[in-house]
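**Q** Would you mind keeping the following structure in view while I ask a few things?
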Amino acid sequence: MSNAKQMGLATNMYAQDYDDKFCYYATYVPAGTPRPVTGGTGTHYWWDLLYPYVKNRQIFRCPTVPKAWGYGWNLRMGYIGAHPTRTGELYEGVIQTSVAFPAETVLIADSDWTRSTADYGWSNSAMLTIPYHVSRFTPQRHNGGSNFVLVDGHAKWYRVLLDPSYTGTGEVPLTLPPTGLKWYRDGSR
């Protein structure tokens, strides 16, 4: 929960510095630009953009899954920045104050970074979307639930139920999004 709270604070500081806009899931940068969190070079992901505000790589790793990065970004709050051909709010920046229900709208949440099974060959869990997908969802990581960071910056644990229609062979059972949370800027689910 502490990691989630720190990410919430970092996200709000980032928005204050960038005309009230959230960072993106991914942002194109010049070739060879180092990634501050995971190493390597190239596209910067949301954790790279938030890193200057936390100066701690471990915040982006959930202690219960130490071998993997443990959180996902709600793509409805910003998808790809500096994209050469795509336009629209998800590519131009979601303005923080334009979110109708900031205390109920998902920004970041625990995600399943360990999935690579017969259901799906790789993990897209650095991103979260609605409806959930077998490669991007919030697991029952913490006592039957997950930690969520909301747009207003606060972090909260929510119970996460297993998806009764899931018949796959995944190592981590697919879940349903918690009720009462919003995923879109306008307050829709």
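Every chain in the structure tokens takes a letter, A first, then B, and so on in the order presented; its residues are numbered from 1, and the ligands are numbered from 1 following the presented order.
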What parts of chain A does DSSP call helix (DSSP H, G or I)? I'd like the answer as a VMD selection string.
**A** chain A and resid 2 to 17 46 to 54 57 to 60 75 to 77 89 to 92 96 to 98
**Q** Keeping only N, CA and C atoms, take the residues you just selected and write them out as an mmCIF file, in the first residue's frame.
**A**
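Done, and the output landed in out_8.cif:
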data_model
loop_
_atom_site.group_PDB
_atom_site.id
_atom_site.type_symbol
_atom_site.label_atom_id
_atom_site.label_comp_id
_atom_site.auth_asym_id
_atom_site.auth_seq_id
_atom_site.Cartn_x
_atom_site.Cartn_y
_atom_site.Cartn_z
ATOM 1 N N SER A 2 2.003 1.183 0.696
ATOM 2 C CA SER A 2 2.906 2.329 0.729
ATOM 3 C C SER A 2 3.416 2.661 -0.676
ATOM 4 N N ASN A 3 3.785 1.636 -1.453
ATOM 5 C CA ASN A 3 4.226 1.869 -2.836
ATOM 6 C C ASN A 3 3.140 2.567 -3.629
ATOM 7 N N ALA A 4 1.912 2.086 -3.491
ATOM 8 C CA ALA A 4 0.784 2.661 -4.231
ATOM 9 C C ALA A 4 0.596 4.132 -3.860
ATOM 10 N N LYS A 5 0.669 4.434 -2.582
ATOM 11 C CA LYS A 5 0.506 5.822 -2.140
ATOM 12 C C LYS A 5 1.604 6.711 -2.716
ATOM 13 N N GLN A 6 2.849 6.208 -2.732
ATOM 14 C CA GLN A 6 3.957 6.983 -3.288
ATOM 15 C C GLN A 6 3.753 7.242 -4.785
ATOM 16 N N MET A 7 3.238 6.245 -5.501
ATOM 17 C CA MET A 7 2.964 6.442 -6.936
ATOM 18 C C MET A 7 1.858 7.468 -7.135
ATOM 19 N N GLY A 8 0.858 7.457 -6.258
ATOM 20 C CA GLY A 8 -0.217 8.449 -6.342
ATOM 21 C C GLY A 8 0.305 9.861 -6.144
ATOM 22 N N LEU A 9 1.168 10.041 -5.167
ATOM 23 C CA LEU A 9 1.769 11.359 -4.933
ATOM 24 C C LEU A 9 2.626 11.782 -6.124
ATOM 25 N N ALA A 10 3.406 10.845 -6.655
ATOM 26 C CA ALA A 10 4.266 11.148 -7.800
ATOM 27 C C ALA A 10 3.440 11.552 -9.017
ATOM 28 N N THR A 11 2.333 10.859 -9.228
ATOM 29 C CA THR A 11 1.473 11.169 -10.374
ATOM 30 C C THR A 11 0.918 12.583 -10.264
ATOM 31 N N ASN A 12 0.517 12.972 -9.062
ATOM 32 C CA ASN A 12 -0.013 14.318 -8.882
ATOM 33 C C ASN A 12 1.068 15.382 -9.030
ATOM 34 N N MET A 13 2.283 15.099 -8.567
ATOM 35 C CA MET A 13 3.379 16.050 -8.767
ATOM 36 C C MET A 13 3.706 16.189 -10.253
ATOM 37 N N TYR A 14 3.706 15.049 -10.971
ATOM 38 C CA TYR A 14 3.942 15.087 -12.416
ATOM 39 C C TYR A 14 2.891 15.984 -13.082
ATOM 40 N N ALA A 15 1.627 15.791 -12.746
ATOM 41 C CA ALA A 15 0.555 16.583 -13.357
ATOM 42 C C ALA A 15 0.737 18.074 -13.064
ATOM 43 N N GLN A 16 1.161 18.411 -11.866
ATOM 44 C CA GLN A 16 1.393 19.823 -11.537
ATOM 45 C C GLN A 16 2.476 20.435 -12.426
ATOM 46 N N ASP A 17 3.469 19.640 -12.767
ATOM 47 C CA ASP A 17 4.561 20.135 -13.606
ATOM 48 C C ASP A 17 4.236 20.152 -15.094
ATOM 49 N N TRP A 46 5.303 4.648 -18.056
ATOM 50 C CA TRP A 46 4.800 5.507 -16.987
ATOM 51 C C TRP A 46 5.704 5.514 -15.766
ATOM 52 N N TRP A 47 6.312 4.383 -15.420
ATOM 53 C CA TRP A 47 7.174 4.355 -14.242
ATOM 54 C C TRP A 47 8.443 5.162 -14.473
ATOM 55 N N ASP A 48 8.933 5.201 -15.722
ATOM 56 C CA ASP A 48 10.102 6.029 -16.032
ATOM 57 C C ASP A 48 9.759 7.507 -15.895
ATOM 58 N N LEU A 49 8.544 7.876 -16.292
ATOM 59 C CA LEU A 49 8.119 9.271 -16.209
ATOM 60 C C LEU A 49 7.890 9.705 -14.760
ATOM 61 N N LEU A 50 7.485 8.775 -13.895
ATOM 62 C CA LEU A 50 7.253 9.104 -12.487
ATOM 63 C C LEU A 50 8.522 9.008 -11.643
ATOM 64 N N TYR A 51 9.514 8.317 -12.139
ATOM 65 C CA TYR A 51 10.736 8.090 -11.363
ATOM 66 C C TYR A 51 11.364 9.366 -10.781
ATOM 67 N N PRO A 52 11.476 10.463 -11.534
ATOM 68 C CA PRO A 52 12.090 11.664 -10.951
ATOM 69 C C PRO A 52 11.386 12.171 -9.694
ATOM 70 N N TYR A 53 10.147 11.774 -9.494
ATOM 71 C CA TYR A 53 9.387 12.240 -8.337
ATOM 72 C C TYR A 53 9.503 11.303 -7.132
ATOM 73 N N VAL A 54 10.023 10.112 -7.343
ATOM 74 C CA VAL A 54 10.170 9.167 -6.228
ATOM 75 C C VAL A 54 11.629 8.770 -5.997
ATOM 76 N N ARG A 57 13.540 2.966 -7.494
ATOM 77 C CA ARG A 57 13.033 1.952 -8.438
ATOM 78 C C ARG A 57 12.163 0.910 -7.750
ATOM 79 N N GLN A 58 12.465 0.606 -6.491
ATOM 80 C CA GLN A 58 11.750 -0.460 -5.778
ATOM 81 C C GLN A 58 10.273 -0.145 -5.564
ATOM 82 N N ILE A 59 9.905 1.107 -5.622
ATOM 83 C CA ILE A 59 8.490 1.471 -5.457
ATOM 84 C C ILE A 59 7.631 0.823 -6.539
ATOM 85 N N PHE A 60 8.221 0.565 -7.692
ATOM 86 C CA PHE A 60 7.475 -0.003 -8.804
ATOM 87 C C PHE A 60 7.468 -1.533 -8.793
ATOM 88 N N LEU A 75 -5.012 2.712 -19.080
ATOM 89 C CA LEU A 75 -4.800 3.333 -20.392
ATOM 90 C C LEU A 75 -5.786 4.446 -20.696
ATOM 91 N N ARG A 76 -6.925 4.464 -20.025
ATOM 92 C CA ARG A 76 -7.924 5.515 -20.259
ATOM 93 C C ARG A 76 -7.494 6.859 -19.675
ATOM 94 N N MET A 77 -6.386 6.853 -18.926
ATOM 95 C CA MET A 77 -5.858 8.093 -18.354
ATOM 96 C C MET A 77 -4.651 8.599 -19.124
ATOM 97 N N GLU A 89 -7.499 12.703 -27.061
ATOM 98 C CA GLU A 89 -7.148 12.893 -25.661
ATOM 99 C C GLU A 89 -6.150 11.863 -25.136
ATOM 100 N N LEU A 90 -6.315 10.606 -25.508
ATOM 101 C CA LEU A 90 -5.424 9.577 -24.980
ATOM 102 C C LEU A 90 -3.992 9.740 -25.483
ATOM 103 N N TYR A 91 -3.808 10.536 -26.553
ATOM 104 C CA TYR A 91 -2.480 10.767 -27.110
ATOM 105 C C TYR A 91 -2.000 12.193 -26.869
ATOM 106 N N GLU A 92 -2.882 13.046 -26.385
ATOM 107 C CA GLU A 92 -2.525 14.437 -26.134
ATOM 108 C C GLU A 92 -2.468 14.759 -24.652
ATOM 109 N N GLN A 96 -6.027 16.262 -15.458
ATOM 110 C CA GLN A 96 -6.413 15.727 -14.158
ATOM 111 C C GLN A 96 -7.749 16.303 -13.672
ATOM 112 N N THR A 97 -7.941 17.605 -13.792
ATOM 113 C CA THR A 97 -9.164 18.219 -13.289
ATOM 114 C C THR A 97 -10.382 17.925 -14.162
ATOM 115 N N SER A 98 -10.175 17.282 -15.321
ATOM 116 C CA SER A 98 -11.312 16.932 -16.169
ATOM 117 C C SER A 98 -11.942 15.602 -15.771
#
**Q** Could you pull out the residues in stretch 59-180 of chain A that DSSP calls strand (DSSP E or B) from the backbone, as number ranges by chain?
**A** A: 71-74, 80-81, 95, 105-110, 117, 120, 127-128, 133, 136, 142, 145-150, 155-159, 162, 175
**Q** Report, in Å to a single decimal, how far apart atom CA of A:Pro131 and atom CA of A:Thr85 are.
**A**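 Spanning atom CA of A:Thr85 to atom CA of A:Pro131 is a straight-line distance of 25.8 Å.
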**Q** Set the distance at 7 Å and use only C-alpha atoms: which residues neighbour A:Gly78 once local chain neighbours fewer than 4 positions away are removed? I'd like the list as an mmCIF file with N, CA and C atoms, in the first residue's frame.
**A**
data_model
loop_
_atom_site.group_PDB
_atom_site.id
_atom_site.type_symbol
_atom_site.label_atom_id
_atom_site.label_comp_id
_atom_site.auth_asym_id
_atom_site.auth_seq_id
_atom_site.Cartn_x
_atom_site.Cartn_y
_atom_site.Cartn_z
ATOM 1 N N PHE A 22 -1.832 14.125 -16.930
ATOM 2 C CA PHE A 22 -1.193 12.905 -16.452
ATOM 3 C C PHE A 22 -0.113 12.471 -17.421
ATOM 4 N N CYS A 23 0.806 11.668 -16.905
ATOM 5 C CA CYS A 23 1.768 11.059 -17.805
ATOM 6 C C CYS A 23 1.044 10.013 -18.649
ATOM 7 N N TYR A 24 1.734 9.447 -19.582
ATOM 8 C CA TYR A 24 1.171 8.447 -20.475
ATOM 9 C C TYR A 24 1.637 7.061 -20.054
ATOM 10 N N TYR A 25 0.958 6.067 -20.558
ATOM 11 C CA TYR A 25 1.446 4.698 -20.388
ATOM 12 C C TYR A 25 2.839 4.591 -21.008
ATOM 13 N N LEU A 90 -6.315 10.606 -25.508
ATOM 14 C CA LEU A 90 -5.424 9.577 -24.980
ATOM 15 C C LEU A 90 -3.992 9.740 -25.483
ATOM 16 N N TYR A 91 -3.808 10.536 -26.553
ATOM 17 C CA TYR A 91 -2.480 10.767 -27.110
ATOM 18 C C TYR A 91 -2.000 12.193 -26.869
ATOM 19 N N GLY A 93 -2.940 13.860 -23.825
ATOM 20 C CA GLY A 93 -2.876 14.041 -22.378
ATOM 21 C C GLY A 93 -4.236 14.243 -21.744
ATOM 22 N N VAL A 94 -4.527 13.454 -20.741
ATOM 23 C CA VAL A 94 -5.767 13.600 -19.978
ATOM 24 C C VAL A 94 -5.517 14.620 -18.879
#
**Q** So, counting only C-alpha atoms, which residue among A:Leu176, A:Gly81, A:Ser135, A:Thr27 is closest to A:Pro164?
**A**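 Counting only C-alpha atoms, the residue closest to A:Pro164 is A:Leu176.
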**Q** Just to confirm, what's the straight-line distance from atom CA of A:Lys55 to atom CA of A:Ile95 in Å (one decimal)?
**A**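 The value is 24.3 Å.
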